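Pasting protein_27.pdb here (PDB, C-alpha atoms and all ligand atoms):
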MODEL        1
ATOM      1  CA  MET I   1       0.000   0.000   0.000  1.00  0.00           C
ATOM      2  CA  GLY I   2       1.378   3.419  -0.918  1.00  0.00           C
ATOM      3  CA  VAL I   3       1.662   6.320   1.478  1.00  0.00           C
ATOM      4  CA  THR I   4       1.871   9.886   0.168  1.00  0.00           C
ATOM      5  CA  VAL I   5       3.301  12.642   2.326  1.00  0.00           C
ATOM      6  CA  THR I   6       3.828  16.329   1.741  1.00  0.00           C
ATOM      7  CA  VAL I   7       7.002  17.395   3.481  1.00  0.00           C
ATOM      8  CA  GLU I   8       6.998  20.636   5.420  1.00  0.00           C
ATOM      9  CA  PRO I   9      10.619  21.859   5.141  1.00  0.00           C
ATOM     10  CA  ASP I  10      10.271  24.145   8.166  1.00  0.00           C
ATOM     11  CA  ARG I  11       9.881  21.101  10.379  1.00  0.00           C
ATOM     12  CA  ILE I  12      13.228  19.547   9.385  1.00  0.00           C
ATOM     13  CA  PRO I  13      14.787  17.812  11.231  1.00  0.00           C
ATOM     14  CA  PHE I  14      11.753  15.841  12.293  1.00  0.00           C
ATOM     15  CA  GLY I  15      13.640  13.584  14.643  1.00  0.00           C
ATOM     16  CA  ARG I  16      17.137  12.556  15.537  1.00  0.00           C
ATOM     17  CA  THR I  17      17.476   9.503  13.340  1.00  0.00           C
ATOM     18  CA  GLY I  18      19.432   9.784  10.119  1.00  0.00           C
ATOM     19  CA  LEU I  19      20.676  12.959   8.471  1.00  0.00           C
ATOM     20  CA  PRO I  20      18.304  15.895   8.975  1.00  0.00           C
ATOM     21  CA  GLY I  21      15.718  15.882   6.218  1.00  0.00           C
ATOM     22  CA  SER I  22      16.804  12.433   5.003  1.00  0.00           C
ATOM     23  CA  LEU I  23      14.300   9.959   3.627  1.00  0.00           C
ATOM     24  CA  LEU I  24      14.466   8.106   6.945  1.00  0.00           C
ATOM     25  CA  ASP I  25      13.917  11.272   8.969  1.00  0.00           C
ATOM     26  CA  ILE I  26      10.876  12.063   6.834  1.00  0.00           C
ATOM     27  CA  ALA I  27       9.517   8.509   6.728  1.00  0.00           C
ATOM     28  CA  LEU I  28       9.605   8.013  10.485  1.00  0.00           C
ATOM     29  CA  ALA I  29       7.975  11.403  11.043  1.00  0.00           C
ATOM     30  CA  TYR I  30       5.064  10.360   8.873  1.00  0.00           C
ATOM     31  CA  GLY I  31       4.641   6.914  10.373  1.00  0.00           C
ATOM     32  CA  VAL I  32       6.352   4.940   7.600  1.00  0.00           C
ATOM     33  CA  GLU I  33       8.474   2.260   9.258  1.00  0.00           C
ATOM     34  CA  ILE I  34      11.867   1.693   7.677  1.00  0.00           C
ATOM     35  CA  ASP I  35      14.300  -0.463   9.541  1.00  0.00           C
ATOM     36  CA  HIS I  36      17.376   1.357  10.839  1.00  0.00           C
ATOM     37  CA  ALA I  37      19.469  -1.046  12.860  1.00  0.00           C
ATOM     38  CA  CYS I  38      22.429   1.290  13.412  1.00  0.00           C
ATOM     39  CA  GLY I  39      20.243   4.241  14.365  1.00  0.00           C
ATOM     40  CA  GLY I  40      20.864   6.128  11.129  1.00  0.00           C
ATOM     41  CA  VAL I  41      24.634   6.603  11.277  1.00  0.00           C
ATOM     42  CA  CYS I  42      25.595   4.860   8.024  1.00  0.00           C
ATOM     43  CA  ALA I  43      26.909   1.776   9.776  1.00  0.00           C
ATOM     44  CA  CYS I  44      24.586  -0.873   8.322  1.00  0.00           C
ATOM     45  CA  CYS I  45      22.423  -1.340   5.238  1.00  0.00           C
ATOM     46  CA  THR I  46      19.067  -2.035   6.834  1.00  0.00           C
ATOM     47  CA  CYS I  47      17.524   1.258   5.701  1.00  0.00           C
ATOM     48  CA  HIS I  48      18.055   0.376   2.038  1.00  0.00           C
ATOM     49  CA  VAL I  49      15.331   1.842  -0.174  1.00  0.00           C
ATOM     50  CA  ILE I  50      14.820   2.061  -3.901  1.00  0.00           C
ATOM     51  CA  VAL I  51      14.119   5.504  -5.300  1.00  0.00           C
ATOM     52  CA  LYS I  52      11.796   5.003  -8.242  1.00  0.00           C
ATOM     53  CA  GLU I  53      11.361   8.676  -9.134  1.00  0.00           C
ATOM     54  CA  GLY I  54      13.250  11.811  -8.202  1.00  0.00           C
ATOM     55  CA  PHE I  55      16.610  10.035  -7.738  1.00  0.00           C
ATOM     56  CA  GLY I  56      18.487  13.030  -9.185  1.00  0.00           C
ATOM     57  CA  SER I  57      17.162  15.378  -6.529  1.00  0.00           C
ATOM     58  CA  LEU I  58      18.976  13.499  -3.767  1.00  0.00           C
ATOM     59  CA  ARG I  59      22.310  14.676  -2.421  1.00  0.00           C
ATOM     60  CA  PRO I  60      24.914  12.296  -3.940  1.00  0.00           C
ATOM     61  CA  ALA I  61      25.944   9.252  -1.915  1.00  0.00           C
ATOM     62  CA  THR I  62      29.245   9.443  -0.071  1.00  0.00           C
ATOM     63  CA  ASP I  63      31.880   6.701  -0.330  1.00  0.00           C
ATOM     64  CA  GLN I  64      30.762   5.539   3.120  1.00  0.00           C
ATOM     65  CA  GLU I  65      27.200   5.113   1.946  1.00  0.00           C
ATOM     66  CA  GLU I  66      28.326   3.277  -1.187  1.00  0.00           C
ATOM     67  CA  ASP I  67      30.402   0.904   0.940  1.00  0.00           C
ATOM     68  CA  MET I  68      27.446   0.091   3.185  1.00  0.00           C
ATOM     69  CA  LEU I  69      25.082  -0.262   0.237  1.00  0.00           C
ATOM     70  CA  ASP I  70      27.330  -2.942  -1.243  1.00  0.00           C
ATOM     71  CA  ASN I  71      26.010  -5.267   1.492  1.00  0.00           C
ATOM     72  CA  ALA I  72      22.354  -4.544   0.807  1.00  0.00           C
ATOM     73  CA  PRO I  73      20.212  -7.339  -0.562  1.00  0.00           C
ATOM     74  CA  GLY I  74      18.510  -6.605  -3.877  1.00  0.00           C
ATOM     75  CA  LEU I  75      20.804  -3.698  -4.714  1.00  0.00           C
ATOM     76  CA  THR I  76      19.756  -1.649  -7.753  1.00  0.00           C
ATOM     77  CA  THR I  77      21.143   1.398  -9.544  1.00  0.00           C
ATOM     78  CA  ARG I  78      18.450   3.406  -7.736  1.00  0.00           C
ATOM     79  CA  SER I  79      19.261   2.115  -4.273  1.00  0.00           C
ATOM     80  CA  ARG I  80      20.065   4.475  -1.436  1.00  0.00           C
ATOM     81  CA  LEU I  81      20.344   4.344   2.319  1.00  0.00           C
ATOM     82  CA  ALA I  82      17.299   6.183   3.601  1.00  0.00           C
ATOM     83  CA  CYS I  83      19.223   7.651   6.541  1.00  0.00           C
ATOM     84  CA  GLN I  84      21.798   9.262   4.213  1.00  0.00           C
ATOM     85  CA  ALA I  85      19.676  10.300   1.224  1.00  0.00           C
ATOM     86  CA  VAL I  86      18.617  13.916   1.563  1.00  0.00           C
ATOM     87  CA  PRO I  87      16.292  15.341  -1.106  1.00  0.00           C
ATOM     88  CA  ASP I  88      16.816  18.939  -2.211  1.00  0.00           C
ATOM     89  CA  GLY I  89      13.094  19.492  -2.636  1.00  0.00           C
ATOM     90  CA  THR I  90      13.197  20.193  -6.370  1.00  0.00           C
ATOM     91  CA  SER I  91      11.233  17.106  -7.336  1.00  0.00           C
ATOM     92  CA  ASN I  92       8.633  14.700  -6.099  1.00  0.00           C
ATOM     93  CA  LEU I  93       9.975  11.344  -5.014  1.00  0.00           C
ATOM     94  CA  VAL I  94       8.626   7.844  -5.224  1.00  0.00           C
ATOM     95  CA  VAL I  95      10.444   5.568  -2.799  1.00  0.00           C
ATOM     96  CA  GLU I  96       9.977   1.850  -2.409  1.00  0.00           C
ATOM     97  CA  VAL I  97      10.757   0.132   0.875  1.00  0.00           C
ATOM     98  CA  PRO I  98      11.782  -3.443   0.014  1.00  0.00           C
ATOM     99  CA  ALA I  99       9.328  -6.032   1.317  1.00  0.00           C
ATOM    100  CA  TRP I 100      11.889  -7.825   3.506  1.00  0.00           C
ATOM    101  CA  ASN I 101      12.705  -4.511   5.173  1.00  0.00           C
ATOM    102  CA  ARG I 102       9.052  -3.782   5.905  1.00  0.00           C
ATOM    103  CA  ASN I 103       8.611  -7.231   7.383  1.00  0.00           C
ATOM    104  CA  LEU I 104      11.659  -6.971   9.577  1.00  0.00           C
ATOM    105  CA  ALA I 105      10.673  -3.525  10.767  1.00  0.00           C
ATOM    106  CA  LYS I 106       7.328  -4.892  11.804  1.00  0.00           C
ATOM    107  CA  GLU I 107       8.698  -7.950  13.524  1.00  0.00           C
ATOM    108  CA  SER I 108      11.493  -6.239  15.389  1.00  0.00           C
ATOM    109  CA  ASP I 109      10.839  -3.779  18.201  1.00  0.00           C
ATOM    110  CA  SER I 110      14.418  -3.067  18.995  1.00  0.00           C
ATOM    111  CA  HIS I 111      17.290  -1.655  16.992  1.00  0.00           C
ATOM    112  CA  ALA I 112      19.244  -4.867  17.231  1.00  0.00           C
ATOM    113  CA  GLU I 113      20.812  -5.606  13.835  1.00  0.00           C
ATOM    114  CA  VAL I 114      19.152  -7.005  10.773  1.00  0.00           C
ATOM    115  CA  THR I 115      20.043  -8.031   7.242  1.00  0.00           C
ATOM    116  CA  GLY I 116      23.318  -7.987   5.463  1.00  0.00           C
ATOM    117  CA  THR I 117      23.850 -10.479   2.756  1.00  0.00           C
ATOM    118  CA  GLY I 118      20.395 -11.523   1.622  1.00  0.00           C
ATOM    119  CA  PRO I 119      16.735 -11.003   2.288  1.00  0.00           C
ATOM    120  CA  GLY I 120      16.051 -11.904   5.865  1.00  0.00           C
ATOM    121  CA  ALA I 121      19.716 -12.449   6.715  1.00  0.00           C
ATOM    122  CA  ARG I 122      20.903 -10.898   9.943  1.00  0.00           C
ATOM    123  CA  PHE I 123      23.288  -7.961  10.057  1.00  0.00           C
ATOM    124  CA  ARG I 124      25.835  -8.634  12.716  1.00  0.00           C
ATOM    125  CA  LEU I 125      28.877  -6.649  13.646  1.00  0.00           C
ATOM    126  CA  GLY I 126      32.159  -8.355  14.406  1.00  0.00           C
ATOM    127  CA  TRP I 127      35.636  -7.323  15.484  1.00  0.00           C
ATOM    128  CA  THR I 128      36.783  -6.647  11.933  1.00  0.00           C
ATOM    129  CA  ASP I 129      33.936  -4.216  11.128  1.00  0.00           C
ATOM    130  CA  SER I 130      36.034  -1.305  12.328  1.00  0.00           C
ATOM    131  CA  GLU I 131      34.463   1.373  10.113  1.00  0.00           C
ATOM    132  CA  SER I 132      30.902   0.565  11.173  1.00  0.00           C
ATOM    133  CA  ILE I 133      31.904   0.222  14.813  1.00  0.00           C
ATOM    134  CA  GLY I 134      33.774   3.526  14.666  1.00  0.00           C
ATOM    135  CA  ARG I 135      30.669   5.305  13.405  1.00  0.00           C
ATOM    136  CA  LEU I 136      28.473   3.659  16.026  1.00  0.00           C
ATOM    137  CA  LEU I 137      30.875   4.656  18.799  1.00  0.00           C
ATOM    138  CA  LEU I 138      30.871   8.218  17.514  1.00  0.00           C
ATOM    139  CA  ALA I 139      27.073   8.260  17.430  1.00  0.00           C
ATOM    140  CA  SER I 140      26.713   6.830  20.915  1.00  0.00           C
ATOM    141  CA  ARG I 141      29.484   8.909  22.551  1.00  0.00           C
ATOM    142  CA  PRO I 142      29.801  12.109  20.483  1.00  0.00           C
ATOM    143  CA  GLN I 143      31.652  14.047  23.191  1.00  0.00           C
ATOM    144  CA  VAL I 144      34.357  11.459  23.794  1.00  0.00           C
ATOM    145  CA  HIS I 145      37.708  11.851  22.053  1.00  0.00           C
ATOM    146  CA  PRO I 146      38.608   8.408  20.722  1.00  0.00           C
ATOM    147  CA  LEU I 147      42.238   8.662  21.805  1.00  0.00           C
ATOM    148  CA  SER I 148      41.209   9.361  25.409  1.00  0.00           C
ATOM    149  CA  VAL I 149      39.795   5.845  25.732  1.00  0.00           C
ATOM    150  CA  GLY I 150      41.897   2.911  26.912  1.00  0.00           C
ATOM    151  CA  PHE I 151      41.583  -0.502  25.327  1.00  0.00           C
ATOM    152  CA  THR I 152      39.780  -1.985  28.348  1.00  0.00           C
ATOM    153  CA  ASP I 153      36.930   0.533  28.079  1.00  0.00           C
ATOM    154  CA  LEU I 154      36.969   0.378  24.296  1.00  0.00           C
ATOM    155  CA  HIS I 155      36.585  -3.393  24.419  1.00  0.00           C
ATOM    156  CA  ALA I 156      33.625  -3.131  26.808  1.00  0.00           C
ATOM    157  CA  TRP I 157      31.931  -0.394  24.754  1.00  0.00           C
ATOM    158  CA  VAL I 158      32.260  -2.340  21.518  1.00  0.00           C
ATOM    159  CA  CYS I 159      30.830  -5.506  23.099  1.00  0.00           C
ATOM    160  CA  ALA I 160      27.862  -3.468  24.357  1.00  0.00           C
ATOM    161  CA  LEU I 161      26.953  -2.048  20.928  1.00  0.00           C
ATOM    162  CA  PRO I 162      23.587  -3.146  19.567  1.00  0.00           C
ATOM    163  CA  GLY I 163      24.132  -5.731  16.876  1.00  0.00           C
ATOM    164  CA  PHE I 164      27.617  -6.690  18.029  1.00  0.00           C
ATOM    165  CA  GLY I 165      27.800 -10.445  17.944  1.00  0.00           C
ATOM    166  CA  ASP I 166      31.409 -11.626  18.107  1.00  0.00           C
ATOM    167  CA  PRO I 167      32.758 -13.318  21.247  1.00  0.00           C
ATOM    168  CA  PRO I 168      34.468 -10.817  23.572  1.00  0.00           C
ATOM    169  CA  ASP I 169      37.654 -12.862  23.653  1.00  0.00           C
ATOM    170  CA  ALA I 170      38.024 -12.802  19.859  1.00  0.00           C
ATOM    171  CA  SER I 171      39.500  -9.311  19.960  1.00  0.00           C
ATOM    172  CA  ASN I 172      43.168  -8.439  20.106  1.00  0.00           C
ATOM    173  CA  GLU I 173      45.255  -5.306  20.259  1.00  0.00           C
ATOM    174  CA  ALA I 174      45.446  -4.883  16.489  1.00  0.00           C
ATOM    175  CA  ARG I 175      41.658  -5.110  16.109  1.00  0.00           C
ATOM    176  CA  LEU I 176      41.036  -2.642  18.918  1.00  0.00           C
ATOM    177  CA  GLU I 177      43.559  -0.287  17.415  1.00  0.00           C
ATOM    178  CA  ALA I 178      41.872  -0.514  14.006  1.00  0.00           C
ATOM    179  CA  ILE I 179      38.538   0.307  15.654  1.00  0.00           C
ATOM    180  CA  GLN I 180      40.035   3.222  17.545  1.00  0.00           C
ATOM    181  CA  MET I 181      41.563   4.608  14.332  1.00  0.00           C
ATOM    182  CA  ALA I 182      38.266   4.254  12.450  1.00  0.00           C
ATOM    183  CA  TRP I 183      36.470   6.017  15.302  1.00  0.00           C
ATOM    184  CA  LEU I 184      39.116   8.769  15.221  1.00  0.00           C
ATOM    185  CA  LYS I 185      38.628   9.209  11.485  1.00  0.00           C
ATOM    186  CA  ALA I 186      34.857   9.548  11.913  1.00  0.00           C
ATOM    187  CA  TYR I 187      35.371  11.883  14.874  1.00  0.00           C
ATOM    188  CA  ALA I 188      37.776  14.131  12.897  1.00  0.00           C
ATOM    189  CA  ALA I 189      35.342  14.270   9.953  1.00  0.00           C
ATOM    190  CA  GLN I 190      32.562  15.312  12.299  1.00  0.00           C
ATOM    191  CA  GLN I 191      34.714  18.034  13.866  1.00  0.00           C
ATOM    192  CA  GLN I 192      35.505  19.371  10.423  1.00  0.00           C
ATOM    193  CA  HIS I 193      31.829  19.777   9.603  1.00  0.00           C
ATOM    194  CA  ALA I 194      30.842  21.133  13.022  1.00  0.00           C
TER     195      ALA I 194
HETATM  196 FE1  LIG X 201      20.856   3.768   7.626  1.00  0.00          FE
HETATM  197 FE2  LIG X 201      22.039   2.032   9.361  1.00  0.00          FE
HETATM  198  S1  LIG X 201      20.127   2.977   9.460  1.00  0.00           S
HETATM  199  S2  LIG X 201      22.770   2.862   7.538  1.00  0.00           S
ENDMDL
END

Once more with this new file: its structure as structure tokens, please.
Ligand code: FES
Amino acid sequence: MGVTVTVEPDRIPFGRTGLPGSLLDIALAYGVEIDHACGGVCACCTCHVIVKEGFGSLRPATDQEEDMLDNAPGLTTRSRLACQAVPDGTSNLVVEVPAWNRNLAKESDSHAEVTGTGPGARFRLGWTDSESIGRLLLASRPQVHPLSVGFTDLHAWVCALPGFGDPPDASNEARLEAIQMAWLKAYAAQQQHA
């Protein structure tokens, strides 16, 4: 069933999930459920949508978004991550939420993970997903400087992230360092745009 909404630009951002004015921000504000396992910080692919019309009016995807989209099931040339796709308002949009996403959104009441490599597959973070973990750490602790955190705390914080599924003892110094560096990179990028 289709839902039509007329966006009121003055109300942007509607919420705190996804980029302000993104398709996810708009959808959630108007009661359209789109899954968003990472909370809208470009660290998963669960908010994958297909933009049927108006694709050109979206702000171009970043390399980060492209990387995450590569894991999305049913990828098309008109695929975007709803939390990162921000329309410029010059055109009407028709956006399709893939059926598996709708189903998962309905069945899941938490933001625990979802999807990854195929319809219905689960998205799970592990110790080698440094980029995604770095972005999640930044989103959950925006005031913390990554280099101020020791490996003991870092280990505990990573294990506590929603969707993290690797055994705690499968980490090592090199993996923690890679996560810390990815977090630092995301943190520096955020500071630059602040
Ligand atoms: Fe959009 Fe995770 S919710 S990338």

Take every atom of ligand LIG 201 (chain X) listed in the file, fit an axis-aligned box around them, add 3 Å per side, and give the centre and edge lengths in Å to one decimal as AutoDock Vina command-line options.
--center_x 21.4 --center_y 2.9 --center_z 8.5 --size_x 8.6 --size_y 7.7 --size_z 7.9

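Residue nearest ligand LIG 201 (chain X) within the list I:Val7, I:Ala82, I:Ile12, I:Leu58: I:Ala82 [criterion: smallest interatomic distance, only C-alpha atoms and all ligand atoms].
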
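Using all atoms listed in the file for every distance, the candidate list I:Cys45, I:Ile179, I:Ala186, I:Val97 yields I:Cys45 as the residue closest to ligand LIG 201 (chain X).
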
Per-residue nearest contacts of chain I to ligand LIG 201 (chain X) (7 Å; all atoms listed in the file) as a Markdown table:
| residue | atom | partner | partner_atom | distance |
| --- | --- | --- | --- | --- |
| I:Gly18 | CA | X:LIG201 | FE1 | 6.7 |
| I:Asp35 | CA | X:LIG201 | S1 | 6.8 |
| I:His36 | CA | X:LIG201 | S1 | 3.5 |
| I:Ala37 | CA | X:LIG201 | S1 | 5.3 |
| I:Cys38 | CA | X:LIG201 | FE2 | 4.1 |
| I:Gly39 | CA | X:LIG201 | S1 | 5.1 |
| I:Gly40 | CA | X:LIG201 | S1 | 3.6 |
| I:Val41 | CA | X:LIG201 | FE2 | 5.6 |
| I:Cys42 | CA | X:LIG201 | S2 | 3.5 |
| I:Ala43 | CA | X:LIG201 | S2 | 4.8 |
| I:Cys44 | CA | X:LIG201 | FE2 | 4.0 |
| I:Cys45 | CA | X:LIG201 | S2 | 4.8 |
| I:Thr46 | CA | X:LIG201 | FE2 | 5.6 |
| I:Cys47 | CA | X:LIG201 | FE1 | 4.6 |
| I:Met68 | CA | X:LIG201 | S2 | 7.0 |
| I:Leu81 | CA | X:LIG201 | FE1 | 5.4 |
| I:Ala82 | CA | X:LIG201 | FE1 | 5.9 |
| I:Cys83 | CA | X:LIG201 | FE1 | 4.3 |
| I:Gln84 | CA | X:LIG201 | FE1 | 6.5 |

Could you tell me which residues the PyMOL selection byres (((chain I and resi 139) around 10) and not hetatm) returns for this structure, as an MDAnalysis selection string? chainID I and resid 38:41 133:138 140:143 183 186:187

With the PyMOL selection byres (((chain I and resi 181) around 9) and not hetatm) as the selection, what would be picked from this file? Answer as a VMD selection string, please. chain I and resid 130 to 131 134 146 to 147 176 to 180 182 to 186

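Against the coordinates shown, the PyMOL selection byres (((chain I and resi 89) around 9) and not hetatm) returns Val7, Pro9, Ser57, Leu58, Val86, Pro87, Asp88, Thr90, Ser91 and Asn92 of chain I.
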
Residues proximal to (24.6, -4.2, 21.3) were defined as those with any atom within 12 Å of that point in the file's coordinates, counting all atoms listed in the file. Which are they, as a list in words? Ala37, Cys38, Gly39, Ser110, His111, Ala112, Glu113, Phe123, Arg124, Leu125, Gly126, Ile133, Leu136, Leu137, Ser140, Ala156, Trp157, Val158, Cys159, Ala160, Leu161, Pro162, Gly163, Phe164, Gly165 and Asp166 of chain I

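Here CA of Val49 (chain I) is placed at a distance of 13.6 Å from CA of Leu28 (chain I).
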
Tell me which of I:Asp25, I:Glu96, I:Glu53, I:Glu173 sits closest to Val3 (chain I), counting all atoms listed in the file. I:Glu96

For Gln64 (chain I), which of I:Ile34, I:Leu24, I:Leu93, I:Ala189 is the closest residue, counting only C-alpha atoms? I:Ala189

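Across I:Leu69, I:Leu23, I:Val94, I:Ala85, the tightest approach to Gly54 (chain I) is made by I:Val94 when counting all atoms listed in the file.
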
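With CA of Tyr30 (chain I) on one side and CA of Pro98 (chain I) on the other, the separation reads 17.7 Å.
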
Interatomic distance (Å, one decimal) between CA of Leu75 (chain I) and CA of Gln190 (chain I): 28.1 Å

For Ala99 (chain I), the nearest of the candidates I:Glu33, I:Glu8, I:Asp63, I:Leu154, counting only C-alpha atoms: I:Glu33

My structure is short of atoms at region 51-80 of chain I; please model N, CA and C atoms there, returning them as a compact mmCIF listing (two decimals), keeping the file's coordinate frame.
# COMPACT_ATOMS: atom_id res chain seq x y z
N VAL I 51 14.74 4.23 -4.93
CA VAL I 51 14.12 5.50 -5.30
C VAL I 51 13.64 5.41 -6.74
N LYS I 52 12.37 5.25 -6.91
CA LYS I 52 11.80 5.00 -8.24
C LYS I 52 11.72 6.27 -9.08
N GLU I 53 11.43 7.39 -8.43
CA GLU I 53 11.36 8.68 -9.13
C GLU I 53 12.00 9.75 -8.27
N GLY I 54 12.65 10.70 -8.93
CA GLY I 54 13.25 11.81 -8.20
C GLY I 54 14.66 11.51 -7.70
N PHE I 55 15.28 10.44 -8.21
CA PHE I 55 16.61 10.04 -7.74
C PHE I 55 17.61 11.20 -7.84
N GLY I 56 17.52 11.96 -8.93
CA GLY I 56 18.49 13.03 -9.18
C GLY I 56 18.38 14.20 -8.22
N SER I 57 17.30 14.25 -7.46
CA SER I 57 17.16 15.38 -6.53
C SER I 57 17.74 15.05 -5.15
N LEU I 58 18.37 13.87 -5.05
CA LEU I 58 18.98 13.50 -3.77
C LEU I 58 20.43 13.94 -3.74
N ARG I 59 20.89 14.37 -2.58
CA ARG I 59 22.31 14.68 -2.42
C ARG I 59 23.10 13.39 -2.74
N PRO I 60 24.19 13.51 -3.52
CA PRO I 60 24.91 12.30 -3.94
C PRO I 60 25.39 11.47 -2.74
N ALA I 61 25.49 10.16 -2.97
CA ALA I 61 25.94 9.25 -1.92
C ALA I 61 27.43 9.46 -1.66
N THR I 62 27.83 9.37 -0.42
CA THR I 62 29.24 9.44 -0.07
C THR I 62 29.87 8.06 -0.28
N ASP I 63 31.19 8.01 -0.22
CA ASP I 63 31.88 6.70 -0.33
C ASP I 63 31.42 5.77 0.79
N GLN I 64 31.23 6.34 1.97
CA GLN I 64 30.76 5.54 3.12
C GLN I 64 29.43 4.87 2.81
N GLU I 65 28.52 5.67 2.26
CA GLU I 65 27.20 5.11 1.95
C GLU I 65 27.33 4.03 0.88
N GLU I 66 28.14 4.28 -0.13
CA GLU I 66 28.33 3.28 -1.19
C GLU I 66 28.87 1.98 -0.59
N ASP I 67 29.82 2.12 0.33
CA ASP I 67 30.40 0.90 0.94
C ASP I 67 29.33 0.10 1.67
N MET I 68 28.49 0.79 2.43
CA MET I 68 27.45 0.09 3.18
C MET I 68 26.41 -0.52 2.24
N LEU I 69 26.09 0.23 1.18
CA LEU I 69 25.08 -0.26 0.24
C LEU I 69 25.52 -1.55 -0.44
N ASP I 70 26.83 -1.72 -0.60
CA ASP I 70 27.33 -2.94 -1.24
C ASP I 70 26.83 -4.20 -0.55
N ASN I 71 26.48 -4.09 0.74
CA ASN I 71 26.01 -5.27 1.49
C ASN I 71 24.50 -5.44 1.43
N ALA I 72 23.82 -4.50 0.77
CA ALA I 72 22.35 -4.54 0.81
C ALA I 72 21.81 -5.61 -0.14
N PRO I 73 20.85 -6.38 0.33
CA PRO I 73 20.21 -7.34 -0.56
C PRO I 73 19.39 -6.62 -1.63
N GLY I 74 19.34 -7.17 -2.82
CA GLY I 74 18.51 -6.60 -3.88
C GLY I 74 18.96 -5.23 -4.34
N LEU I 75 20.27 -5.01 -4.33
CA LEU I 75 20.80 -3.70 -4.71
C LEU I 75 20.44 -3.35 -6.16
N THR I 76 20.05 -2.10 -6.39
CA THR I 76 19.76 -1.65 -7.75
C THR I 76 20.51 -0.35 -8.01
N THR I 77 20.45 0.13 -9.24
CA THR I 77 21.14 1.40 -9.54
C THR I 77 20.41 2.58 -8.90
N ARG I 78 19.22 2.34 -8.39
CA ARG I 78 18.45 3.41 -7.74
C ARG I 78 18.35 3.17 -6.24
N SER I 79 19.27 2.39 -5.71
CA SER I 79 19.26 2.12 -4.27
C SER I 79 19.94 3.24 -3.51
N ARG I 80 19.43 3.54 -2.34
CA ARG I 80 20.07 4.47 -1.44
C ARG I 80 19.82 4.01 -0.01
